[in-house]
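Raw query.cif, mmCIF, C-alpha atoms and all ligand atoms:
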```
data_target
loop_
_atom_site.label_atom_id
_atom_site.label_comp_id
_atom_site.auth_asym_id
_atom_site.auth_seq_id
_atom_site.Cartn_x
_atom_site.Cartn_y
_atom_site.Cartn_z
CA MET T 1 -8.13 -19.67 -15.45
CA SER T 2 -8.58 -22.04 -12.53
CA LYS T 3 -12.11 -23.01 -11.58
CA GLY T 4 -13.69 -22.74 -8.14
CA PRO T 5 -14.71 -19.99 -5.74
CA LYS T 6 -12.68 -16.81 -5.62
CA ALA T 7 -12.63 -13.72 -3.42
CA ILE T 8 -11.52 -10.14 -4.01
CA ILE T 9 -11.02 -7.61 -1.22
CA VAL T 10 -10.71 -3.92 -2.17
CA VAL T 11 -9.88 -1.40 0.56
CA CYS T 12 -10.34 2.35 0.08
CA ASP T 13 -8.23 3.49 3.02
CA SER T 14 -10.12 5.70 5.53
CA LEU T 15 -13.13 6.39 3.28
CA ARG T 16 -15.92 7.36 5.67
CA ARG T 17 -19.36 5.90 5.16
CA ASP T 18 -20.98 9.34 5.44
CA LEU T 19 -18.77 10.60 2.58
CA LEU T 20 -20.11 8.01 0.13
CA GLY T 21 -22.17 10.11 -2.26
CA SER T 22 -21.62 12.29 -5.27
CA ALA T 23 -17.86 11.60 -5.23
CA THR T 24 -18.45 7.83 -5.29
CA PRO T 25 -20.81 7.03 -8.19
CA THR T 26 -19.29 3.56 -8.64
CA LEU T 27 -19.70 2.57 -4.99
CA ARG T 28 -23.26 3.91 -4.99
CA LYS T 29 -24.04 1.74 -7.99
CA PHE T 30 -22.16 -1.22 -6.52
CA ALA T 31 -24.37 -0.95 -3.41
CA GLU T 32 -27.38 -1.82 -5.62
CA THR T 33 -25.72 -5.16 -6.41
CA ALA T 34 -24.29 -5.85 -2.95
CA THR T 35 -25.30 -6.05 0.70
CA SER T 36 -24.31 -2.96 2.73
CA PHE T 37 -23.43 -3.28 6.41
CA VAL T 38 -24.35 0.09 7.85
CA SER T 39 -23.24 -0.52 11.45
CA HIS T 40 -19.71 -1.44 10.43
CA ARG T 41 -17.15 -0.38 13.06
CA ALA T 42 -13.38 -0.19 13.10
CA ILE T 43 -11.22 -2.13 15.53
CA PHE T 44 -9.12 -0.34 18.17
CA PRO T 45 -6.72 1.26 17.44
CA SER T 46 -8.53 2.48 14.31
CA ALA T 47 -5.24 2.56 12.43
CA THR T 48 -4.19 1.00 9.13
CA ARG T 49 -1.31 -1.34 9.99
CA VAL T 50 -3.04 -3.06 12.88
CA THR T 51 -6.33 -3.24 10.95
CA SER T 52 -4.46 -4.86 8.06
CA ALA T 53 -3.34 -7.61 10.46
CA SER T 54 -6.92 -7.97 11.76
CA ILE T 55 -8.43 -8.17 8.25
CA ALA T 56 -5.80 -10.79 7.39
CA THR T 57 -6.35 -12.91 10.51
CA GLY T 58 -9.93 -12.22 11.65
CA CYS T 59 -8.42 -11.66 15.10
CA THR T 60 -8.20 -8.71 17.49
CA PRO T 61 -4.84 -7.03 18.17
CA GLY T 62 -4.87 -8.68 21.61
CA ARG T 63 -4.93 -12.06 19.89
CA HIS T 64 -2.72 -11.58 16.81
CA GLY T 65 -0.23 -9.57 18.84
CA LEU T 66 0.37 -6.52 16.64
CA HIS T 67 -0.69 -3.68 18.91
CA GLY T 68 -0.94 -0.67 16.65
CA ASN T 69 0.70 1.57 14.09
CA MET T 70 3.49 2.00 16.63
CA MET T 71 4.37 -0.72 19.08
CA ALA T 72 6.91 -0.78 21.90
CA LEU T 73 9.30 -3.69 22.33
CA ASP T 74 11.46 -4.23 25.41
CA ASP T 75 14.93 -5.78 25.14
CA GLY T 76 15.20 -5.81 28.95
CA GLU T 77 16.29 -2.17 29.23
CA GLY T 78 12.77 -0.75 29.02
CA PRO T 79 10.31 -0.30 26.16
CA VAL T 80 11.17 1.49 22.90
CA ALA T 81 8.39 2.55 20.51
CA TYR T 82 8.94 1.43 16.92
CA SER T 83 7.02 2.32 13.79
CA VAL T 84 5.22 -0.78 12.56
CA GLY T 85 5.08 0.88 9.12
CA LYS T 86 8.81 0.57 8.44
CA PRO T 87 9.83 -2.17 6.01
CA ASP T 88 12.08 -3.87 8.59
CA PHE T 89 9.54 -4.07 11.43
CA VAL T 90 8.35 -7.60 10.59
CA ASP T 91 11.94 -8.84 10.96
CA ARG T 92 12.49 -6.79 14.12
CA LEU T 93 9.36 -8.25 15.72
CA ARG T 94 10.44 -11.77 14.76
CA LYS T 95 13.95 -11.21 16.12
CA MET T 96 12.83 -9.69 19.43
CA THR T 97 9.79 -11.90 20.16
CA GLY T 98 10.35 -15.04 18.07
CA ARG T 99 7.10 -14.48 16.18
CA THR T 100 5.30 -12.28 13.68
CA LEU T 101 1.51 -12.55 14.08
CA ARG T 102 0.20 -15.16 16.52
CA CYS T 103 -2.69 -16.09 14.20
CA PRO T 104 -2.61 -17.46 10.66
CA THR T 105 -3.41 -15.01 7.87
CA LEU T 106 -5.80 -15.55 4.98
CA ALA T 107 -2.73 -15.97 2.77
CA GLU T 108 -1.64 -18.90 4.96
CA ARG T 109 -5.10 -20.40 5.31
CA VAL T 110 -5.67 -20.51 1.54
CA SER T 111 -2.14 -21.69 0.72
CA ASP T 112 -3.07 -25.37 0.34
CA ARG T 113 -5.40 -24.36 -2.47
CA GLY T 114 -3.51 -21.50 -4.08
CA ARG T 115 -1.52 -18.33 -3.63
CA ALA T 116 -3.02 -15.11 -2.31
CA VAL T 117 -2.04 -12.06 -4.36
CA ILE T 118 -1.90 -8.78 -2.43
CA PHE T 119 -1.27 -5.32 -3.91
CA SER T 120 -0.89 -2.54 -1.34
CA ASN T 121 0.01 1.13 -1.59
CA VAL T 122 -0.10 2.01 2.12
CA SER T 123 2.91 1.74 4.46
CA PRO T 124 5.28 -1.22 4.04
CA GLY T 125 4.27 -2.55 7.47
CA ALA T 126 0.56 -2.44 6.61
CA ALA T 127 1.29 -4.32 3.39
CA TYR T 128 3.61 -6.93 4.90
CA PHE T 129 1.31 -7.80 7.83
CA GLN T 130 -1.17 -9.11 5.26
CA ASP T 131 1.24 -12.01 4.84
CA PRO T 132 4.29 -11.65 7.12
CA ASN T 133 5.44 -15.24 6.71
CA GLY T 134 5.34 -15.33 2.91
CA PHE T 135 2.63 -17.73 1.83
CA GLY T 136 1.49 -15.72 -1.19
CA TYR T 137 2.58 -12.68 -3.17
CA VAL T 138 2.75 -9.18 -1.68
CA TYR T 139 3.43 -6.30 -4.06
CA HIS T 140 4.63 -3.05 -2.48
CA ARG T 141 6.91 -0.18 -3.47
CA ALA T 142 9.34 -0.97 -0.61
CA GLY T 143 9.88 -4.47 -1.96
CA SER T 144 7.68 -7.24 -3.35
CA PHE T 145 7.79 -10.81 -2.10
CA GLY T 146 6.72 -14.21 -3.36
CA PRO T 147 6.15 -17.52 -1.57
CA GLY T 148 8.79 -18.21 1.07
CA ARG T 149 9.12 -14.44 1.44
CA VAL T 150 11.56 -14.48 -1.43
CA ARG T 151 12.13 -10.97 -2.75
CA LEU T 152 10.93 -10.60 -6.31
CA PRO T 153 13.19 -9.03 -8.94
CA ASP T 154 12.68 -5.27 -9.31
CA GLU T 155 11.11 -5.65 -12.75
CA GLN T 156 8.31 -7.72 -11.15
CA GLY T 157 7.94 -5.27 -8.24
CA LEU T 158 5.70 -2.25 -7.82
CA ALA T 159 7.64 0.99 -8.31
CA ILE T 160 4.86 3.48 -7.57
CA SER T 161 4.29 6.52 -5.40
CA SER T 162 1.76 6.91 -2.58
CA GLY T 163 -1.42 8.78 -3.49
CA VAL T 164 -3.71 9.09 -6.49
CA ALA T 165 -1.22 8.38 -9.31
CA GLY T 166 0.35 5.37 -7.60
CA ASP T 167 -3.04 3.92 -6.66
CA ARG T 168 -4.14 4.12 -10.29
CA GLU T 169 -0.98 2.45 -11.55
CA MET T 170 -1.32 -0.28 -8.91
CA THR T 171 -4.99 -0.81 -9.80
CA GLU T 172 -4.18 -1.18 -13.50
CA ARG T 173 -1.59 -3.80 -12.59
CA PHE T 174 -4.14 -5.51 -10.29
CA CYS T 175 -6.67 -5.55 -13.15
CA ARG T 176 -4.13 -7.22 -15.43
CA HIS T 177 -3.74 -9.84 -12.70
CA LEU T 178 -7.52 -10.35 -12.58
CA ARG T 179 -7.69 -10.79 -16.34
CA SER T 180 -4.73 -13.17 -16.42
CA ARG T 181 -4.70 -16.93 -16.16
CA GLU T 182 -3.16 -16.47 -12.71
CA PHE T 183 -6.30 -14.83 -11.23
CA SER T 184 -5.86 -16.25 -7.73
CA LEU T 185 -8.49 -17.54 -5.33
CA LEU T 186 -7.78 -14.53 -3.07
CA SER T 187 -6.82 -11.15 -4.50
CA VAL T 188 -6.43 -8.04 -2.33
CA LEU T 189 -6.12 -4.41 -3.46
CA TRP T 190 -5.39 -1.84 -0.71
CA GLN T 191 -5.46 1.74 -1.99
CA SER T 192 -3.68 4.57 -0.17
CA GLU T 193 -6.48 7.00 -1.00
CA PRO T 194 -8.38 8.82 0.27
CA ASP T 195 -6.26 8.41 3.43
CA TRP T 196 -3.01 9.72 1.95
CA THR T 197 -4.68 13.01 1.01
CA ALA T 198 -6.84 13.23 4.17
CA HIS T 199 -3.74 13.43 6.39
CA HIS T 200 -2.66 16.67 4.68
CA HIS T 201 -5.91 18.34 3.64
CA PRO T 202 -9.19 19.17 5.36
CA LEU T 203 -11.81 16.42 5.23
CA GLY T 204 -14.43 17.23 2.61
CA SER T 205 -12.20 19.79 0.85
CA PRO T 206 -12.07 19.69 -2.97
CA THR T 207 -8.67 17.93 -2.82
CA HIS T 208 -9.97 15.30 -0.39
CA LEU T 209 -13.11 14.75 -2.50
CA ALA T 210 -10.91 14.33 -5.59
CA ALA T 211 -8.94 11.62 -3.76
CA ILE T 212 -12.21 9.90 -2.83
CA ARG T 213 -13.26 10.11 -6.47
CA SER T 214 -10.00 8.55 -7.59
CA ALA T 215 -10.46 5.62 -5.17
CA ASP T 216 -13.97 5.20 -6.57
CA ASP T 217 -12.63 5.28 -10.15
CA ASN T 218 -10.24 2.48 -9.24
CA VAL T 219 -13.14 0.42 -7.90
CA GLU T 220 -14.77 0.89 -11.31
CA ARG T 221 -11.59 -0.36 -13.02
CA VAL T 222 -11.65 -3.47 -10.82
CA LEU T 223 -15.34 -4.13 -11.55
CA ASN T 224 -14.67 -3.80 -15.29
CA ALA T 225 -11.71 -6.17 -15.05
CA VAL T 226 -13.88 -8.70 -13.21
CA ARG T 227 -16.42 -8.53 -16.05
CA LEU T 228 -13.66 -9.11 -18.62
CA ALA T 229 -12.28 -11.95 -16.53
CA SER T 230 -15.75 -13.46 -16.98
CA VAL T 231 -15.59 -15.24 -13.64
CA SER T 232 -18.90 -16.87 -12.83
CA GLU T 233 -21.02 -14.70 -10.53
CA ASP T 234 -21.85 -17.54 -8.19
CA GLU T 235 -18.16 -18.25 -7.66
CA LEU T 236 -16.99 -14.73 -6.82
CA LEU T 237 -17.20 -12.88 -3.50
CA MET T 238 -16.36 -9.17 -3.69
CA VAL T 239 -15.68 -7.35 -0.44
CA ILE T 240 -15.27 -3.58 -0.79
CA CYS T 241 -14.61 -1.62 2.39
CA SER T 242 -12.59 0.94 4.27
CA ASP T 243 -10.45 0.14 7.30
CA HIS T 244 -11.59 3.07 9.50
CA GLY T 245 -12.88 6.63 9.19
CA ASN T 246 -11.27 9.83 10.46
CA GLU T 247 -11.71 12.97 12.54
CA THR T 248 -10.41 16.52 12.07
CA ILE T 249 -7.43 17.28 14.31
CA ARG T 250 -8.10 19.97 16.91
CA ARG T 251 -5.00 19.98 19.15
CA GLN T 252 -1.68 18.12 19.13
CA ILE T 253 -0.46 16.62 22.40
CA ASP T 254 2.97 15.09 23.02
CA VAL T 255 1.92 12.46 25.57
CA ASN T 256 5.53 11.55 26.44
CA LYS T 257 6.31 15.21 27.20
CA GLU T 258 3.15 15.56 29.28
CA LEU T 259 4.00 12.43 31.31
CA ALA T 260 7.51 13.79 31.91
CA LYS T 261 6.12 17.21 32.91
CA ALA T 262 3.80 15.48 35.39
CA GLY T 263 6.81 13.69 36.94
CA PHE T 264 5.97 10.14 35.83
CA LYS T 265 8.81 9.87 33.32
CA ALA T 266 12.45 10.82 33.91
CA GLU T 267 12.36 12.70 30.58
CA ALA T 268 10.31 12.69 27.37
CA SER T 269 12.64 10.17 25.71
CA SER T 270 13.29 7.92 28.72
CA ARG T 271 12.49 4.20 28.59
CA ASP T 272 10.65 3.90 31.91
CA ILE T 273 7.17 4.72 30.56
CA VAL T 274 6.65 5.06 26.81
CA ALA T 275 3.62 6.37 24.95
CA ALA T 276 3.35 5.00 21.41
CA SER T 277 1.23 7.31 19.24
CA GLN T 278 -1.63 5.76 17.28
CA GLY T 279 -2.75 9.08 15.78
CA THR T 280 -5.82 9.96 17.82
CA ALA T 281 -4.99 7.29 20.39
CA ALA T 282 -1.92 6.27 22.37
CA LEU T 283 -0.71 3.04 23.93
CA ILE T 284 1.34 3.39 27.11
CA TYR T 285 4.01 0.81 27.92
CA PHE T 286 5.80 0.43 31.26
CA SER T 287 9.18 -1.01 32.16
CA ARG T 288 8.84 -3.58 34.93
CA PRO T 289 10.03 -1.20 37.70
CA ALA T 290 7.80 1.63 36.45
CA LEU T 291 4.64 -0.48 36.50
CA GLN T 292 4.04 0.46 40.15
CA LYS T 293 3.22 3.99 38.88
CA ALA T 294 0.47 2.71 36.56
CA ALA T 295 -2.49 3.44 38.85
CA ASP T 296 -1.27 7.02 39.42
CA VAL T 297 -0.79 7.51 35.66
CA VAL T 298 -4.36 6.32 35.05
CA ALA T 299 -5.69 8.77 37.67
CA TYR T 300 -3.64 11.59 36.08
CA LEU T 301 -4.87 10.75 32.57
CA ASN T 302 -8.48 10.72 33.71
CA ASP T 303 -7.99 14.37 34.78
CA GLN T 304 -6.58 15.53 31.42
CA ASP T 305 -8.99 17.18 28.99
CA TRP T 306 -7.05 15.74 26.03
CA ALA T 307 -7.56 12.14 27.19
CA GLY T 308 -10.99 10.82 26.19
CA ALA T 309 -11.51 7.17 27.13
CA VAL T 310 -8.77 5.53 29.24
CA TYR T 311 -8.48 1.73 29.49
CA ALA T 312 -5.97 0.02 31.79
CA GLY T 313 -4.89 -3.49 32.71
CA GLU T 314 -7.59 -6.13 32.35
CA ASP T 315 -9.97 -3.49 30.95
CA LEU T 316 -7.88 -3.47 27.75
CA ARG T 317 -9.70 -6.69 26.83
CA LYS T 318 -12.92 -4.68 26.47
CA ILE T 319 -11.37 -3.00 23.40
CA GLY T 320 -9.69 -6.08 21.95
CA MET T 321 -6.26 -5.45 23.48
CA GLU T 322 -4.23 -7.53 25.91
CA PRO T 323 -2.08 -6.28 28.81
CA GLU T 324 1.19 -7.83 27.61
CA GLY T 325 4.73 -6.88 26.66
CA GLY T 326 4.63 -3.89 29.01
CA LEU T 327 1.40 -2.51 27.50
CA TRP T 328 -0.85 -1.39 30.34
CA ILE T 329 -2.87 1.68 29.24
CA ALA T 330 -4.69 2.71 26.06
CA ILE T 331 -6.03 6.24 25.60
CA SER T 332 -8.49 7.33 22.97
CA MET T 333 -7.82 11.06 22.66
CA ALA T 334 -10.68 13.46 23.42
CA ALA T 335 -13.14 13.86 20.54
CA SER T 336 -15.96 16.33 19.98
CA ASP T 337 -18.83 17.05 17.60
CA GLY T 338 -19.16 20.00 15.30
CA LYS T 339 -18.42 20.45 11.63
CA ASN T 340 -15.25 21.62 9.90
CA SER T 341 -15.40 24.36 7.27
CA PHE T 342 -16.42 21.79 4.63
CA GLY T 343 -19.32 20.47 6.71
CA VAL T 344 -17.63 17.22 7.79
CA THR T 345 -18.46 16.16 11.36
CA GLY T 346 -16.05 15.39 14.17
CA PHE T 347 -12.89 16.65 15.85
CA SER T 348 -10.26 14.93 17.95
CA ASP T 349 -7.00 15.67 19.71
CA LEU T 350 -3.91 13.97 18.30
CA ALA T 351 -1.18 12.12 20.20
CA VAL T 352 1.92 13.45 18.47
CA ASN T 353 4.50 11.05 17.15
CA PRO T 354 7.72 12.98 17.89
CA GLU T 355 9.28 11.61 14.67
CA TYR T 356 6.63 13.39 12.58
CA ALA T 357 5.88 16.44 14.70
CA GLU T 358 4.46 18.54 11.83
CA ASP T 359 1.42 20.75 12.31
CA VAL T 360 -1.56 18.75 11.04
CA ARG T 361 -4.32 20.62 12.86
CA GLY T 362 -7.36 20.98 10.61
CA PHE T 363 -6.49 17.81 8.66
CA GLY T 364 -7.81 14.27 8.99
CA ASN T 365 -6.45 11.60 11.31
CA HIS T 366 -7.61 8.48 13.15
CA GLY T 367 -6.60 5.78 15.62
CA GLY T 368 -9.05 6.27 18.49
CA LEU T 369 -12.62 5.49 19.40
CA GLY T 370 -14.11 8.80 18.20
CA PRO T 371 -17.46 8.25 16.47
CA ASN T 372 -16.32 9.27 12.99
CA GLU T 373 -13.09 7.28 12.97
CA SER T 374 -14.38 4.13 14.68
CA GLN T 375 -18.03 3.98 13.58
CA ARG T 376 -17.86 5.23 10.02
CA PRO T 377 -15.92 2.80 7.86
CA PHE T 378 -18.02 1.12 5.17
CA LEU T 379 -18.47 -2.52 4.15
CA MET T 380 -20.24 -3.88 1.08
CA ILE T 381 -20.24 -7.53 0.03
CA LYS T 382 -21.39 -8.86 -3.30
CA GLY T 383 -21.62 -12.55 -3.99
CA PRO T 384 -23.64 -15.69 -3.54
CA GLY T 385 -26.08 -15.28 -0.67
CA PHE T 386 -25.57 -11.52 -0.24
CA ALA T 387 -28.80 -10.00 -1.46
CA PRO T 388 -28.44 -7.15 -3.97
CA GLY T 389 -29.34 -3.78 -2.48
CA GLU T 390 -29.93 -5.18 1.01
CA VAL T 391 -29.01 -2.96 3.94
CA ARG T 392 -28.12 -4.75 7.15
CA SER T 393 -27.64 -3.16 10.53
CA GLU T 394 -26.13 -5.86 12.72
CA PRO T 395 -22.76 -4.82 14.17
CA THR T 396 -19.84 -5.87 11.93
CA SER T 397 -16.12 -5.13 11.96
CA PRO T 398 -12.97 -5.84 9.93
CA LEU T 399 -12.66 -9.05 12.03
CA ASP T 400 -15.60 -10.52 10.08
CA ILE T 401 -13.94 -10.24 6.67
CA ALA T 402 -11.53 -13.21 6.97
CA PRO T 403 -14.16 -15.69 8.19
CA THR T 404 -16.61 -14.52 5.51
CA VAL T 405 -14.00 -15.00 2.80
CA LEU T 406 -12.93 -18.42 4.12
CA ARG T 407 -16.48 -19.67 4.26
CA HIS T 408 -17.05 -18.55 0.66
CA LEU T 409 -13.89 -20.38 -0.42
CA GLY T 410 -15.12 -23.52 1.35
CA LEU T 411 -12.29 -23.44 3.91
CA GLU T 412 -12.43 -24.02 7.65
CA VAL T 413 -13.54 -21.05 9.77
CA SER T 414 -12.07 -21.43 13.25
CA GLY T 415 -9.82 -19.67 15.73
CA MET T 416 -10.96 -16.18 14.83
CA ASP T 417 -12.66 -13.38 16.78
CA GLY T 418 -14.83 -12.36 13.81
CA MET T 419 -17.87 -14.20 12.49
CA ALA T 420 -18.65 -15.29 8.95
CA LEU T 421 -21.45 -12.89 8.05
CA GLN T 422 -24.57 -14.98 7.69
CA GLN T 423 -26.21 -15.03 4.31
ZN ZN A 501 -6.14 3.16 7.03
#
```

Take the structure in the file and give it back as structure tokens.
Ligand SMILES: [Zn+2]
Amino acid sequence: MSKGPKAIIVVCDSLRRDLLGSATPTLRKFAETATSFVSHRAIFPSATRVTSASIATGCTPGRHGLHGNMMALDDGEGPVAYSVGKPDFVDRLRKMTGRTLRCPTLAERVSDRGRAVIFSNVSPGAAYFQDPNGFGYVYHRAGSFGPGRVRLPDEQGLAISSGVAGDREMTERFCRHLRSREFSLLSVLWQSEPDWTAHHHPLGSPTHLAAIRSADDNVERVLNAVRLASVSEDELLMVICSDHGNETIRRQIDVNKELAKAGFKAEASSRDIVAASQGTAALIYFSRPALQKAADVVAYLNDQDWAGAVYAGEDLRKIGMEPEGGLWIAISMAASDGKNSFGVTGFSDLAVNPEYAEDVRGFGNHGGLGPNESQRPFLMIKGPGFAPGEVRSEPTSPLDIAPTVLRHLGLEVSGMDGMALQQ
């Protein structure tokens, strides 16, 4: 095994900080050996694909240029909203804009010293935006890639399902990687749970708690593998976190339909003004001629009880976004307090994605600025300089992970919006 500092990032997708407890014995124990950041906040939108790009780059969406889980692109005929999660979106973005992310990823930044190895069981887009230009290895069920973005043969790929069983299989494979001679200087494991289950079950329900438990069990497998890999403690940084929290869905709103009903759009599917759903948030893109309606749309949205916070134009910068590519308005859907039937706090309205217009009321979702989705992810860091059992309350976000990892690896920390967390 190669010598020198190493870093491991483990993501338990959408695991809320307030749900760490009896279902997470491993994380509770890990906290005794790590520093916990208890004011950790998600980025906006609090969605997986865009957060993956921000964890990889240490940059806000406004800077790295991936706007959300859905993003509209304009070929000159008006914006069209595309799912960033589809396997071909990286290529579509490159073809239509000449770029992927505007900021280098961790995989690129470490590539002079070694190959990053990334295992991900979330959407293809969330996996591929860890390393869209192919500096390291990305293993995903939709296709695995090596350096140069060369597709790996199927027998080296990751033929697994989303959810508990697939996460376990992926983790066992990841553990074999950690125990092998190829243990890389940066290894990333991104589990689909408990997010996969939360989208189709009530938060805090026995099924959701079982998914949380399974994510916790996988953390235990990783910790055991690290022990067997016998990597020196003062050379290893372990970052264990979630990307965002979630809220319980109260109402489902088709923002495109509402804008058409209000007379701003020719019809729900027209390309003049396009709302791209981010779960409990929406981004609104304008064609050039339609932009003159933007101020009226903002005034209309501010009157709607389903629209919580509304940001437009230059104000997008306050939430880490940039008015570019037709994007002019971001809405965080209305959120409220109260507990669901399993005692889990927080409700929000959902901006429906017409492609997946199923009834998900009563289940978990995220994307907006609601307190439980944006303020409740967790972050624990174990390694040299991070005091065991310490609890720190300074504000942190997924943007801080890349600089913290780079500093540990002895690499340059520059050009990022996040800060290396001070030891
Ligand atoms: Zn997520």

(message) Residues contacting ligand ZN 501 (chain A) - anything with an atom at most 8 Å away, using all atoms listed in the file - can you give me those as a ChimeraX atom specification?
(response) /T:13-14,46-49,51,122,192,195,242-245

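Closest to Glu322 of chain T among T:Arg63, T:Lys29, T:His199, T:Arg16 is T:Arg63, based on all atoms listed in the file.
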
Near segment 377-389 of chain T, within 7 Å and counting all atoms listed in the file, which residues show up once chain neighbours fewer than 4 positions away are dropped, as a compact mmCIF listing (two decimals) with C-alpha atoms, keeping the file's coordinate frame?
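Everything below was put into selection25.txt:
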```
# COMPACT_ATOMS: atom_id res chain seq x y z
CA SER T 14 -10.12 5.70 5.53
CA LEU T 15 -13.13 6.39 3.28
CA ARG T 16 -15.92 7.36 5.67
CA ARG T 17 -19.36 5.90 5.16
CA ALA T 31 -24.37 -0.95 -3.41
CA GLU T 32 -27.38 -1.82 -5.62
CA THR T 33 -25.72 -5.16 -6.41
CA ALA T 34 -24.29 -5.85 -2.95
CA THR T 35 -25.30 -6.05 0.70
CA SER T 36 -24.31 -2.96 2.73
CA PHE T 37 -23.43 -3.28 6.41
CA VAL T 38 -24.35 0.09 7.85
CA HIS T 40 -19.71 -1.44 10.43
CA ARG T 41 -17.15 -0.38 13.06
CA ALA T 42 -13.38 -0.19 13.10
CA GLU T 233 -21.02 -14.70 -10.53
CA ASP T 234 -21.85 -17.54 -8.19
CA LEU T 236 -16.99 -14.73 -6.82
CA LEU T 237 -17.20 -12.88 -3.50
CA MET T 238 -16.36 -9.17 -3.69
CA VAL T 239 -15.68 -7.35 -0.44
CA ILE T 240 -15.27 -3.58 -0.79
CA CYS T 241 -14.61 -1.62 2.39
CA SER T 242 -12.59 0.94 4.27
CA ASP T 243 -10.45 0.14 7.30
CA HIS T 244 -11.59 3.07 9.50
CA GLY T 245 -12.88 6.63 9.19
CA GLN T 423 -26.21 -15.03 4.31
```

(message) Neighbouring residues of segment 296-306 of chain T were defined as those with any atom within 9 Å, considering only C-alpha atoms; residues of the same chain fewer than 6 positions away were excluded. Please report them as a ChimeraX atom specification.
(response) /T:251,253,259,262,264,312,329,331,333-335,348-350

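When only C-alpha atoms are used to compute distances to Leu19 of chain T, the closest of the residues T:Ala268, T:Leu203, T:Ile319, T:Ile273 turns out to be T:Leu203.
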
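Distances here use only C-alpha atoms; by that measure, the residue among T:Lys95, T:Arg317, T:Arg213, T:Lys86 closest to Gly62 of chain T is T:Arg317.
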
(request) Please tell me which residues are no farther than 12 Å from (11.8, -11.3, -0.4) in the file, counting all atoms listed in the file, and write them as an MDAnalysis selection string. (result) chainID T and resid 87:88 91 128 131:140 142:154 156:157

Would you list the contacts of Thr105 of chain T as a PDB file with C-alpha atoms, in the frame of the given file, taking every protein, DNA or RNA residue within 7 Å and counting all atoms listed in the file, but skipping same-chain residues closer than 5 positions in sequence?
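See selection_14.pdb below for the written result:
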```
ATOM      1  CA  ALA T  56      -5.800 -10.790   7.390  1.00  0.00           C
ATOM      2  CA  THR T  57      -6.350 -12.910  10.510  1.00  0.00           C
ATOM      3  CA  GLN T 130      -1.170  -9.110   5.260  1.00  0.00           C
ATOM      4  CA  ASP T 131       1.240 -12.010   4.840  1.00  0.00           C
TER       5      ASP T 131
END
```

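The two atoms in question, atom CA of Leu209 of chain T and atom CA of Cys175 of chain T, are spaced 23.8 Å apart.
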